[in-house]
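Down below is the structure, laid out as structure tokens.
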Amino acid sequence: MITFSHPAASASAFASASRGYQPIGDYSLIGDCRTAALVASDASIDWLCLPHFDSEAVLSRLIGTRSGGYFALTEPDGDTAPAPLGQRYVPQSAIVETDIALSTGSLRVTDFMPTAHLRGQANALPAPCIVRRIEALTDSCRFAVRLNVAPDYARARPVAVASLTGLMITGGQGVVVLAGDPGAWCARVEQDGPSGPWVSVRSLRAGETMTLVLGWAGDAAEAEALRVSLIGDWQPELLATQAYWERWAA
């Protein structure tokens with residue numbers, strides 16, 4: 001059974017990737033006890049500090065709609081945001097599912113932060129990461145993944161290096177890393193040279209999924225190793241993280 005954390009916001013409240021400020025009640029929280037992120041009811045992640053709660057924000061549209069960073073899904077041919085259909089926590093967990101509708105179909109987005117470090121796993125990531133699983137709910141759905149990293153509360157200018165399996169974005173403290181399966185993230189820079197936002201247009205059929213992982217590393221060498229390590233099957237970690245939160249809640 002899945003319970004709703006709050007009702008879906010009006011579709012008119014979400015006009016574009018540069019939309020206005022949203023009520024705090026339109027957000028759900030994910031975290032791993034080291035840091036946390038806020039996921040809007042249109043599946044945009046609008047707040048994230050890395051690698052700790054008191055670190056600089058790399059996504060901060062929550063407080064800066066024009067300059068703050070975000071990790072969003074939009075219409076494929078522009079920055080128009082999807083219509084929220086509903087958002088809910090998987091019961092007794094910090095895993096959030098968000099359903100959204102685009103002109104080409106609908107998607108379910110599952111967001112969580114792995115808890116391997118809380119479970120005493122030797123292979124736990126040294127810094128938090130966000131795992132974002134995107135599933136098509138209709139026969140086909142074409143959409144854009146948009147990542148606009150704004151290091152140090154948008155005071156630092158980011159620079160990205162893209163490959164077929166991800167991005168490494170410098171600026172401010174450390175390096176933000178976005179990884180996906182080969183070919184899943186073929187990014188283009190939309191404006192301002194290498195400073196973003198970065199966009200990948202994808203199509204999924206009903207039941208098909210893709211997974212993207214957003215992480216953090218201390219320097220470029222660590223970032224490259226992290227990018228490689230983030231590519232893989234995250235379903236076992238999703239189930240293990242859900243089980244951890246259920247035990248914690250009990």
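If you're wondering about the labels, chains in the structure tokens are A, B, ... by order shown, residues count from 1 in each chain, ligands from 1 in order shown.
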
| said: At a cut-off of 7 Å, using only C-alpha atoms, what residues contact region 59-66 of chain A? Leave out same-chain residues fewer than 4 positions from it and give the result as a list of chain:residue names. | reply: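 Skipping anything fewer than 4 positions along the chain leaves A:Ser18, A:Arg19, A:Gly20, A:Tyr21, A:Asp46, A:Trp47, A:Leu48, A:Tyr70, A:Val149, A:Ala150, A:Tyr153.
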
| said: Give me the residues near region 128-139 of chain A as a list of chain:residue names, where near means some atom within 6 Å (using only C-alpha atoms) and where sequence neighbours in that chain fewer than 4 positions away do not count. | reply: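 Residues near the query, excluding close chain neighbours: A:Gly105, A:Ser106, A:Leu107, A:Arg108, A:Val109, A:Thr110, A:Asp111, A:Phe112, A:Met113, A:Leu204, A:Arg205, A:Ala206, A:Gly207, A:Glu208, A:Thr209, A:Met210, A:Thr211, A:Leu212, A:Val213, A:Leu214, A:Gly215.
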
Could you give me the residues within region 12-213 of chain A that DSSP places in helix (DSSP H, G or I), as a JSON list (two decimals) with all heavy atoms, in the first residue's frame?
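Wrote out.json, looks like this:
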[["chain", "number", "residue", "atom", "x", "y", "z"],
["A", 12, "SER", "N", -1.74, 24.27, -13.56],
["A", 12, "SER", "CA", -1.45, 25.64, -13.92],
["A", 12, "SER", "C", -0.37, 26.25, -13.05],
["A", 12, "SER", "O", 0.19, 27.30, -13.39],
["A", 12, "SER", "CB", -2.73, 26.49, -13.83],
["A", 12, "SER", "OG", -3.20, 26.51, -12.48],
["A", 13, "ALA", "N", -0.06, 25.60, -11.92],
["A", 13, "ALA", "CA", 0.96, 26.13, -11.03],
["A", 13, "ALA", "C", 2.36, 25.89, -11.56],
["A", 13, "ALA", "O", 3.32, 26.46, -11.07],
["A", 13, "ALA", "CB", 0.82, 25.52, -9.64],
["A", 24, "ILE", "N", 5.81, 25.37, 0.02],
["A", 24, "ILE", "CA", 6.63, 24.32, 0.62],
["A", 24, "ILE", "C", 5.85, 23.03, 0.74],
["A", 24, "ILE", "O", 6.42, 21.93, 0.72],
["A", 24, "ILE", "CB", 7.17, 24.78, 1.99],
["A", 24, "ILE", "CG1", 8.28, 23.83, 2.47],
["A", 24, "ILE", "CG2", 6.04, 24.89, 3.00],
["A", 24, "ILE", "CD1", 9.52, 23.82, 1.61],
["A", 25, "GLY", "N", 4.52, 23.12, 0.80],
["A", 25, "GLY", "CA", 3.69, 21.93, 0.87],
["A", 25, "GLY", "C", 3.67, 21.13, -0.41],
["A", 25, "GLY", "O", 3.16, 20.00, -0.42],
["A", 26, "ASP", "N", 4.22, 21.67, -1.50],
["A", 26, "ASP", "CA", 4.30, 20.95, -2.76],
["A", 26, "ASP", "C", 5.60, 20.17, -2.89],
["A", 26, "ASP", "O", 5.95, 19.71, -3.99],
["A", 26, "ASP", "CB", 4.17, 21.91, -3.94],
["A", 26, "ASP", "CG", 2.74, 22.35, -4.18],
["A", 26, "ASP", "OD1", 1.83, 21.70, -3.63],
["A", 26, "ASP", "OD2", 2.53, 23.34, -4.89],
["A", 151, "PRO", "N", 26.33, 25.84, -8.32],
["A", 151, "PRO", "CA", 27.12, 25.64, -7.10],
["A", 151, "PRO", "C", 27.13, 26.87, -6.19],
["A", 151, "PRO", "O", 27.02, 28.01, -6.65],
["A", 151, "PRO", "CB", 28.53, 25.35, -7.65],
["A", 151, "PRO", "CG", 28.32, 24.92, -9.06],
["A", 151, "PRO", "CD", 27.13, 25.69, -9.53],
["A", 152, "ASP", "N", 27.32, 26.60, -4.91],
["A", 152, "ASP", "CA", 27.44, 27.67, -3.92],
["A", 152, "ASP", "C", 26.28, 28.65, -3.99],
["A", 152, "ASP", "O", 26.47, 29.86, -4.11],
["A", 152, "ASP", "CB", 28.78, 28.39, -4.07],
["A", 152, "ASP", "CG", 29.09, 29.29, -2.88],
["A", 152, "ASP", "OD1", 28.45, 29.10, -1.82],
["A", 152, "ASP", "OD2", 29.94, 30.18, -3.01],
["A", 153, "TYR", "N", 25.07, 28.12, -3.93],
["A", 153, "TYR", "CA", 23.86, 28.94, -3.96],
["A", 153, "TYR", "C", 23.82, 29.84, -5.19],
["A", 153, "TYR", "O", 23.39, 30.98, -5.14],
["A", 153, "TYR", "CB", 23.75, 29.78, -2.69],
["A", 153, "TYR", "CG", 23.77, 28.98, -1.42],
["A", 153, "TYR", "CD1", 24.97, 28.74, -0.75],
["A", 153, "TYR", "CD2", 22.60, 28.44, -0.90],
["A", 153, "TYR", "CE1", 25.00, 27.99, 0.42],
["A", 153, "TYR", "CE2", 22.61, 27.69, 0.27],
["A", 153, "TYR", "CZ", 23.82, 27.47, 0.92],
["A", 153, "TYR", "OH", 23.85, 26.71, 2.07],
["A", 154, "ALA", "N", 24.32, 29.33, -6.33],
["A", 154, "ALA", "CA", 24.33, 30.03, -7.62],
["A", 154, "ALA", "C", 25.35, 31.17, -7.67],
["A", 154, "ALA", "O", 25.31, 31.98, -8.60],
["A", 154, "ALA", "CB", 22.94, 30.54, -7.98],
["A", 193, "GLY", "N", 27.45, 28.66, -23.03],
["A", 193, "GLY", "CA", 28.62, 27.81, -23.16],
["A", 193, "GLY", "C", 28.52, 26.57, -22.30],
["A", 193, "GLY", "O", 27.48, 25.92, -22.28],
["A", 194, "PRO", "N", 29.59, 26.21, -21.56],
["A", 194, "PRO", "CA", 29.57, 24.97, -20.79],
["A", 194, "PRO", "C", 28.91, 25.09, -19.43],
["A", 194, "PRO", "O", 29.08, 24.23, -18.58],
["A", 194, "PRO", "CB", 31.06, 24.65, -20.64],
["A", 194, "PRO", "CG", 31.71, 26.00, -20.59],
["A", 194, "PRO", "CD", 30.92, 26.86, -21.53],
["A", 195, "SER", "N", 28.15, 26.18, -19.19],
["A", 195, "SER", "CA", 27.59, 26.39, -17.85],
["A", 195, "SER", "C", 26.14, 25.96, -17.72],
["A", 195, "SER", "O", 25.52, 26.15, -16.69],
["A", 195, "SER", "CB", 27.72, 27.86, -17.45],
["A", 195, "SER", "OG", 26.96, 28.68, -18.30]]

| field | Spatial neighbours of Glu97 (chain A), 12 Å, only C-alpha atoms, chain gap at least 3 places, as a ChimeraX atom specification | value | /A:2-6,27-30,39-44,84-91,93-94,100,107-112,131-135

Strand (DSSP E) call set, DSSP backbone run, region 26-136 of chain A, as a short mmCIF file (atom, residue, chain, number, x, y, z; two decimals) with all heavy atoms, in the first residue's frame:
data_model
loop_
_atom_site.label_atom_id
_atom_site.label_comp_id
_atom_site.auth_asym_id
_atom_site.auth_seq_id
_atom_site.Cartn_x
_atom_site.Cartn_y
_atom_site.Cartn_z
N TYR A 27 6.33 20.00 -1.80
CA TYR A 27 7.60 19.27 -1.81
C TYR A 27 7.55 18.08 -0.86
O TYR A 27 6.90 18.13 0.19
CB TYR A 27 8.75 20.18 -1.39
CG TYR A 27 9.12 21.23 -2.41
CD1 TYR A 27 8.55 22.50 -2.37
CD2 TYR A 27 10.01 20.94 -3.44
CE1 TYR A 27 8.88 23.46 -3.30
CE2 TYR A 27 10.34 21.89 -4.38
CZ TYR A 27 9.78 23.15 -4.31
OH TYR A 27 10.10 24.10 -5.25
N SER A 28 8.28 17.03 -1.23
CA SER A 28 8.54 15.90 -0.34
C SER A 28 10.04 15.77 -0.15
O SER A 28 10.83 16.18 -1.02
CB SER A 28 7.97 14.61 -0.93
OG SER A 28 6.57 14.66 -0.98
N LEU A 29 10.45 15.18 0.96
CA LEU A 29 11.86 15.13 1.34
C LEU A 29 12.41 13.72 1.20
O LEU A 29 11.77 12.75 1.61
CB LEU A 29 12.04 15.63 2.77
CG LEU A 29 13.46 15.68 3.32
CD1 LEU A 29 13.64 16.94 4.19
CD2 LEU A 29 13.79 14.43 4.15
N ILE A 30 13.60 13.61 0.62
CA ILE A 30 14.36 12.37 0.62
C ILE A 30 15.70 12.66 1.29
O ILE A 30 16.17 13.81 1.30
CB ILE A 30 14.58 11.80 -0.79
CG1 ILE A 30 15.34 12.80 -1.69
CG2 ILE A 30 13.26 11.41 -1.43
CD1 ILE A 30 15.73 12.24 -3.04
N GLY A 31 16.32 11.64 1.88
CA GLY A 31 17.59 11.86 2.55
C GLY A 31 18.25 10.56 2.95
O GLY A 31 17.68 9.47 2.79
N ALA A 36 19.91 15.97 2.51
CA ALA A 36 18.53 15.75 2.08
C ALA A 36 18.25 16.58 0.85
O ALA A 36 18.96 17.55 0.55
CB ALA A 36 17.54 16.09 3.20
N ALA A 37 17.21 16.20 0.12
CA ALA A 37 16.78 16.93 -1.06
C ALA A 37 15.27 17.09 -1.02
O ALA A 37 14.57 16.28 -0.39
CB ALA A 37 17.20 16.19 -2.34
N LEU A 38 14.77 18.12 -1.70
CA LEU A 38 13.33 18.37 -1.78
C LEU A 38 12.88 18.15 -3.22
O LEU A 38 13.42 18.74 -4.15
CB LEU A 38 13.01 19.79 -1.33
CG LEU A 38 13.20 20.07 0.16
CD1 LEU A 38 12.96 21.54 0.46
CD2 LEU A 38 12.28 19.19 1.01
N VAL A 39 11.86 17.29 -3.37
CA VAL A 39 11.31 16.92 -4.67
C VAL A 39 9.93 17.55 -4.81
O VAL A 39 9.03 17.27 -4.02
CB VAL A 39 11.20 15.38 -4.83
CG1 VAL A 39 10.77 15.03 -6.25
CG2 VAL A 39 12.53 14.70 -4.47
N ALA A 40 9.75 18.39 -5.82
CA ALA A 40 8.47 19.05 -6.04
C ALA A 40 7.46 18.08 -6.62
O ALA A 40 7.80 17.00 -7.12
CB ALA A 40 8.64 20.25 -6.98
N ILE A 45 13.67 18.37 -8.62
CA ILE A 45 14.43 18.46 -7.37
C ILE A 45 14.96 19.88 -7.29
O ILE A 45 15.82 20.29 -8.07
CB ILE A 45 15.56 17.43 -7.33
CG1 ILE A 45 14.99 16.01 -7.43
CG2 ILE A 45 16.37 17.58 -6.03
CD1 ILE A 45 16.04 14.92 -7.48
N ASP A 46 14.46 20.65 -6.33
CA ASP A 46 14.73 22.09 -6.26
C ASP A 46 15.61 22.48 -5.08
O ASP A 46 15.89 23.67 -4.90
CB ASP A 46 13.41 22.86 -6.16
CG ASP A 46 12.62 22.83 -7.46
OD1 ASP A 46 13.19 22.45 -8.51
OD2 ASP A 46 11.43 23.19 -7.44
N TRP A 47 16.04 21.51 -4.26
CA TRP A 47 16.95 21.84 -3.16
C TRP A 47 17.82 20.65 -2.85
O TRP A 47 17.34 19.53 -2.69
CB TRP A 47 16.18 22.23 -1.89
CG TRP A 47 17.09 22.61 -0.77
CD1 TRP A 47 17.47 21.83 0.29
CD2 TRP A 47 17.77 23.86 -0.61
NE1 TRP A 47 18.34 22.52 1.09
CE2 TRP A 47 18.55 23.77 0.58
CE3 TRP A 47 17.80 25.04 -1.35
CZ2 TRP A 47 19.35 24.81 1.02
CZ3 TRP A 47 18.59 26.09 -0.89
CH2 TRP A 47 19.35 25.98 0.28
N LEU A 48 19.14 20.88 -2.80
CA LEU A 48 20.09 19.82 -2.47
C LEU A 48 21.41 20.44 -2.07
O LEU A 48 21.99 21.23 -2.82
CB LEU A 48 20.32 18.89 -3.67
CG LEU A 48 21.40 17.82 -3.51
CD1 LEU A 48 21.06 16.83 -2.41
CD2 LEU A 48 21.65 17.10 -4.83
N CYS A 49 21.89 20.11 -0.87
CA CYS A 49 23.23 20.47 -0.42
C CYS A 49 24.10 19.23 -0.46
O CYS A 49 23.68 18.16 0.00
CB CYS A 49 23.19 21.04 1.00
SG CYS A 49 22.32 22.61 1.16
N ALA A 57 24.62 24.70 -1.28
CA ALA A 57 23.57 24.13 -2.12
C ALA A 57 24.03 24.12 -3.57
O ALA A 57 24.55 25.11 -4.08
CB ALA A 57 22.29 24.95 -1.99
N VAL A 58 23.81 22.99 -4.25
CA VAL A 58 24.09 22.90 -5.68
C VAL A 58 22.81 22.97 -6.49
O VAL A 58 22.83 23.28 -7.68
CB VAL A 58 24.87 21.61 -6.02
CG1 VAL A 58 26.24 21.63 -5.36
CG2 VAL A 58 24.10 20.37 -5.62
N LEU A 59 21.68 22.66 -5.85
CA LEU A 59 20.35 22.86 -6.43
C LEU A 59 19.59 23.75 -5.45
O LEU A 59 19.43 23.37 -4.28
CB LEU A 59 19.61 21.53 -6.63
CG LEU A 59 20.33 20.46 -7.44
CD1 LEU A 59 19.46 19.20 -7.53
CD2 LEU A 59 20.69 20.95 -8.84
N TYR A 70 18.35 23.09 -10.49
CA TYR A 70 17.26 22.12 -10.39
C TYR A 70 17.61 20.89 -11.23
O TYR A 70 18.46 20.93 -12.11
CB TYR A 70 15.93 22.72 -10.89
CG TYR A 70 16.01 23.30 -12.29
CD1 TYR A 70 15.83 22.51 -13.41
CD2 TYR A 70 16.27 24.66 -12.47
CE1 TYR A 70 15.92 23.04 -14.69
CE2 TYR A 70 16.37 25.19 -13.74
CZ TYR A 70 16.19 24.39 -14.85
OH TYR A 70 16.30 24.92 -16.12
N PHE A 71 16.91 19.79 -10.96
CA PHE A 71 17.04 18.53 -11.69
C PHE A 71 15.61 18.14 -12.04
O PHE A 71 14.87 17.65 -11.20
CB PHE A 71 17.71 17.50 -10.79
CG PHE A 71 18.04 16.19 -11.44
CD1 PHE A 71 18.05 16.02 -12.81
CD2 PHE A 71 18.39 15.10 -10.65
CE1 PHE A 71 18.37 14.79 -13.39
CE2 PHE A 71 18.72 13.87 -11.21
CZ PHE A 71 18.71 13.73 -12.58
N ALA A 72 15.21 18.38 -13.29
CA ALA A 72 13.79 18.33 -13.65
C ALA A 72 13.55 17.50 -14.89
O ALA A 72 14.46 17.22 -15.67
CB ALA A 72 13.27 19.76 -13.86
N LEU A 73 12.28 17.14 -15.08
CA LEU A 73 11.79 16.54 -16.31
C LEU A 73 10.82 17.54 -16.93
O LEU A 73 9.96 18.10 -16.23
CB LEU A 73 11.09 15.22 -16.05
CG LEU A 73 11.90 14.16 -15.31
CD1 LEU A 73 11.05 12.91 -15.09
CD2 LEU A 73 13.15 13.81 -16.06
N THR A 74 10.95 17.76 -18.25
CA THR A 74 10.10 18.74 -18.92
C THR A 74 9.63 18.19 -20.26
O THR A 74 10.00 17.08 -20.66
CB THR A 74 10.87 20.06 -19.18
OG1 THR A 74 11.86 19.84 -20.18
CG2 THR A 74 11.53 20.56 -17.91
N ALA A 83 2.54 18.29 -15.87
CA ALA A 83 1.43 18.45 -14.92
C ALA A 83 1.58 17.42 -13.81
O ALA A 83 1.73 16.23 -14.09
CB ALA A 83 0.09 18.27 -15.63
N PRO A 84 1.54 17.82 -12.56
CA PRO A 84 1.62 16.86 -11.45
C PRO A 84 0.34 16.01 -11.37
O PRO A 84 -0.76 16.54 -11.44
CB PRO A 84 1.74 17.76 -10.21
CG PRO A 84 2.10 19.11 -10.72
CD PRO A 84 1.49 19.22 -12.08
N LEU A 85 0.52 14.71 -11.23
CA LEU A 85 -0.61 13.80 -11.08
C LEU A 85 -0.75 13.27 -9.66
O LEU A 85 -1.84 12.90 -9.24
CB LEU A 85 -0.47 12.61 -12.04
CG LEU A 85 -0.48 12.93 -13.54
CD1 LEU A 85 -0.30 11.65 -14.35
CD2 LEU A 85 -1.76 13.64 -13.93
N GLY A 86 0.33 13.24 -8.91
CA GLY A 86 0.27 12.76 -7.53
C GLY A 86 1.67 12.41 -7.04
O GLY A 86 2.54 12.03 -7.82
N GLN A 87 1.87 12.58 -5.76
CA GLN A 87 3.17 12.28 -5.15
C GLN A 87 2.92 11.58 -3.82
O GLN A 87 1.99 11.92 -3.10
CB GLN A 87 3.97 13.57 -4.94
CG GLN A 87 5.41 13.34 -4.50
CD GLN A 87 6.18 14.64 -4.43
OE1 GLN A 87 5.93 15.45 -3.55
NE2 GLN A 87 7.11 14.84 -5.35
N ARG A 88 3.77 10.62 -3.49
CA ARG A 88 3.56 9.80 -2.31
C ARG A 88 4.88 9.22 -1.83
O ARG A 88 5.82 9.03 -2.61
CB ARG A 88 2.60 8.66 -2.63
CG ARG A 88 3.04 7.84 -3.83
CD ARG A 88 1.90 7.10 -4.50
NE ARG A 88 2.31 6.53 -5.76
CZ ARG A 88 2.15 7.14 -6.94
NH1 ARG A 88 1.56 8.33 -7.01
NH2 ARG A 88 2.55 6.58 -8.06
N TYR A 89 4.94 8.95 -0.54
CA TYR A 89 6.04 8.18 0.03
C TYR A 89 5.70 6.70 -0.05
O TYR A 89 4.56 6.31 0.21
CB TYR A 89 6.26 8.55 1.48
CG TYR A 89 6.90 9.89 1.71
CD1 TYR A 89 6.13 10.99 2.09
CD2 TYR A 89 8.27 10.06 1.57
CE1 TYR A 89 6.72 12.22 2.30
CE2 TYR A 89 8.87 11.29 1.78
CZ TYR A 89 8.09 12.37 2.15
OH TYR A 89 8.67 13.59 2.35
N VAL A 96 10.38 8.47 -2.47
CA VAL A 96 9.26 9.25 -2.98
C VAL A 96 8.96 8.84 -4.42
O VAL A 96 9.88 8.72 -5.25
CB VAL A 96 9.58 10.76 -2.92
CG1 VAL A 96 8.53 11.58 -3.67
CG2 VAL A 96 9.66 11.22 -1.48
N GLU A 97 7.69 8.64 -4.71
CA GLU A 97 7.23 8.38 -6.07
C GLU A 97 6.38 9.57 -6.53
O GLU A 97 5.50 10.04 -5.80
CB GLU A 97 6.39 7.11 -6.15
CG GLU A 97 7.19 5.84 -5.91
CD GLU A 97 6.34 4.59 -6.07
OE1 GLU A 97 5.09 4.70 -6.01
OE2 GLU A 97 6.91 3.51 -6.26
N THR A 98 6.64 10.04 -7.76
CA THR A 98 5.92 11.18 -8.31
C THR A 98 5.42 10.82 -9.69
O THR A 98 6.19 10.38 -10.55
CB THR A 98 6.85 12.40 -8.42
OG1 THR A 98 7.51 12.64 -7.17
CG2 THR A 98 6.06 13.64 -8.82
N ASP A 99 4.13 10.98 -9.93
CA ASP A 99 3.52 10.75 -11.25
C ASP A 99 3.29 12.10 -11.92
O ASP A 99 2.76 13.03 -11.30
CB ASP A 99 2.19 10.01 -11.11
CG ASP A 99 2.37 8.58 -10.61
OD1 ASP A 99 3.51 8.09 -10.60
OD2 ASP A 99 1.36 7.98 -10.21
N ILE A 100 3.69 12.18 -13.20
CA ILE A 100 3.57 13.42 -13.95
C ILE A 100 3.03 13.12 -15.35
O ILE A 100 3.19 12.01 -15.87
CB ILE A 100 4.91 14.17 -14.07
CG1 ILE A 100 6.00 13.24 -14.65
CG2 ILE A 100 5.34 14.72 -12.72
CD1 ILE A 100 7.33 13.92 -14.91
N ALA A 101 2.40 14.12 -15.96
CA ALA A 101 1.85 13.98 -17.31
C ALA A 101 2.48 15.02 -18.22
O ALA A 101 2.57 16.20 -17.88
CB ALA A 101 0.33 14.16 -17.29
N LEU A 102 2.93 14.54 -19.39
CA LEU A 102 3.43 15.42 -20.44
C LEU A 102 2.52 15.27 -21.65
O LEU A 102 1.65 14.40 -21.69
CB LEU A 102 4.88 15.07 -20.80
CG LEU A 102 5.89 15.23 -19.66
CD1 LEU A 102 6.28 13.87 -19.14
CD2 LEU A 102 7.11 15.99 -20.13
N GLY A 105 2.76 11.69 -22.98
CA GLY A 105 2.47 10.54 -22.13
C GLY A 105 2.72 10.87 -20.68
O GLY A 105 2.91 12.03 -20.31
N SER A 106 2.75 9.84 -19.84
CA SER A 106 2.95 10.05 -18.41
C SER A 106 4.09 9.19 -17.89
O SER A 106 4.41 8.13 -18.45
CB SER A 106 1.66 9.75 -17.64
OG SER A 106 1.22 8.43 -17.86
N LEU A 107 4.68 9.65 -16.79
CA LEU A 107 5.85 9.00 -16.20
C LEU A 107 5.66 8.84 -14.70
O LEU A 107 4.93 9.61 -14.06
CB LEU A 107 7.11 9.85 -16.43
CG LEU A 107 7.55 10.11 -17.86
CD1 LEU A 107 8.66 11.16 -17.87
CD2 LEU A 107 8.03 8.83 -18.54
N ARG A 108 6.33 7.85 -14.13
CA ARG A 108 6.47 7.71 -12.69
C ARG A 108 7.94 7.85 -12.35
O ARG A 108 8.79 7.13 -12.89
CB ARG A 108 5.94 6.38 -12.20
CG ARG A 108 6.17 6.13 -10.69
CD ARG A 108 5.31 5.00 -10.18
NE ARG A 108 3.90 5.38 -10.29
CZ ARG A 108 2.90 4.49 -10.29
NH1 ARG A 108 3.15 3.20 -10.19
NH2 ARG A 108 1.64 4.91 -10.37
N VAL A 109 8.25 8.76 -11.45
CA VAL A 109 9.63 9.04 -11.06
C VAL A 109 9.82 8.60 -9.61
O VAL A 109 9.09 9.06 -8.72
CB VAL A 109 9.96 10.53 -11.22
CG1 VAL A 109 11.43 10.78 -10.90
CG2 VAL A 109 9.63 11.01 -12.63
N THR A 110 10.77 7.72 -9.37
CA THR A 110 11.09 7.25 -8.03
C THR A 110 12.44 7.82 -7.62
O THR A 110 13.44 7.62 -8.32
CB THR A 110 11.12 5.72 -7.97
OG1 THR A 110 9.86 5.19 -8.40
CG2 THR A 110 11.42 5.23 -6.56
N ASP A 111 12.47 8.54 -6.51
CA ASP A 111 13.70 9.18 -6.02
C ASP A 111 14.04 8.66 -4.63
O ASP A 111 13.16 8.58 -3.75
CB ASP A 111 13.53 10.70 -5.95
CG ASP A 111 13.42 11.34 -7.33
OD1 ASP A 111 14.33 11.13 -8.15
OD2 ASP A 111 12.44 12.06 -7.57
N PHE A 112 15.32 8.35 -4.40
CA PHE A 112 15.77 7.96 -3.07
C PHE A 112 17.26 8.18 -2.95
O PHE A 112 17.98 8.33 -3.95
CB PHE A 112 15.42 6.51 -2.76
CG PHE A 112 16.26 5.48 -3.47
CD1 PHE A 112 17.32 4.85 -2.82
CD2 PHE A 112 16.00 5.12 -4.79
CE1 PHE A 112 18.10 3.89 -3.46
CE2 PHE A 112 16.77 4.17 -5.44
CZ PHE A 112 17.82 3.55 -4.78
N ILE A 130 21.74 10.73 -5.22
CA ILE A 130 20.31 10.58 -5.48
C ILE A 130 20.14 9.64 -6.65
O ILE A 130 20.73 9.84 -7.72
CB ILE A 130 19.66 11.94 -5.81
CG1 ILE A 130 19.69 12.86 -4.59
CG2 ILE A 130 18.21 11.74 -6.28
CD1 ILE A 130 19.16 14.25 -4.88
N VAL A 131 19.35 8.60 -6.45
CA VAL A 131 19.01 7.67 -7.53
C VAL A 131 17.62 8.05 -8.03
O VAL A 131 16.67 8.10 -7.24
CB VAL A 131 19.04 6.21 -7.05
CG1 VAL A 131 18.67 5.27 -8.20
CG2 VAL A 131 20.42 5.86 -6.49
N ARG A 132 17.53 8.29 -9.32
CA ARG A 132 16.26 8.72 -9.94
C ARG A 132 15.87 7.70 -11.01
O ARG A 132 16.53 7.55 -12.04
CB ARG A 132 16.42 10.11 -10.52
CG ARG A 132 15.34 10.55 -11.47
CD ARG A 132 15.21 12.06 -11.57
NE ARG A 132 14.40 12.56 -10.46
CZ ARG A 132 13.81 13.76 -10.45
NH1 ARG A 132 13.97 14.58 -11.48
NH2 ARG A 132 13.07 14.13 -9.43
N ARG A 133 14.79 6.95 -10.73
CA ARG A 133 14.29 5.93 -11.66
C ARG A 133 13.06 6.48 -12.37
O ARG A 133 12.09 6.90 -11.73
CB ARG A 133 13.95 4.65 -10.90
CG ARG A 133 13.44 3.50 -11.75
CD ARG A 133 13.18 2.29 -10.86
NE ARG A 133 12.76 1.12 -11.60
CZ ARG A 133 11.48 0.82 -11.85
NH1 ARG A 133 10.52 1.61 -11.42
NH2 ARG A 133 11.17 -0.27 -12.53
N ILE A 134 13.08 6.47 -13.70
CA ILE A 134 12.01 7.04 -14.51
C ILE A 134 11.35 5.90 -15.28
O ILE A 134 12.02 5.16 -15.99
CB ILE A 134 12.55 8.09 -15.49
CG1 ILE A 134 13.34 9.17 -14.73
CG2 ILE A 134 11.43 8.72 -16.31
CD1 ILE A 134 14.17 10.07 -15.63
N GLU A 135 10.03 5.77 -15.12
CA GLU A 135 9.27 4.70 -15.77
C GLU A 135 8.13 5.28 -16.58
O GLU A 135 7.39 6.15 -16.09
CB GLU A 135 8.72 3.73 -14.73
CG GLU A 135 7.86 2.61 -15.32
CD GLU A 135 7.21 1.74 -14.27
OE1 GLU A 135 7.38 2.03 -13.06
OE2 GLU A 135 6.51 0.77 -14.64
N ALA A 136 7.96 4.80 -17.82
CA ALA A 136 6.83 5.23 -18.64
C ALA A 136 5.58 4.47 -18.22
O ALA A 136 5.59 3.25 -18.08
CB ALA A 136 7.13 4.98 -20.12
#
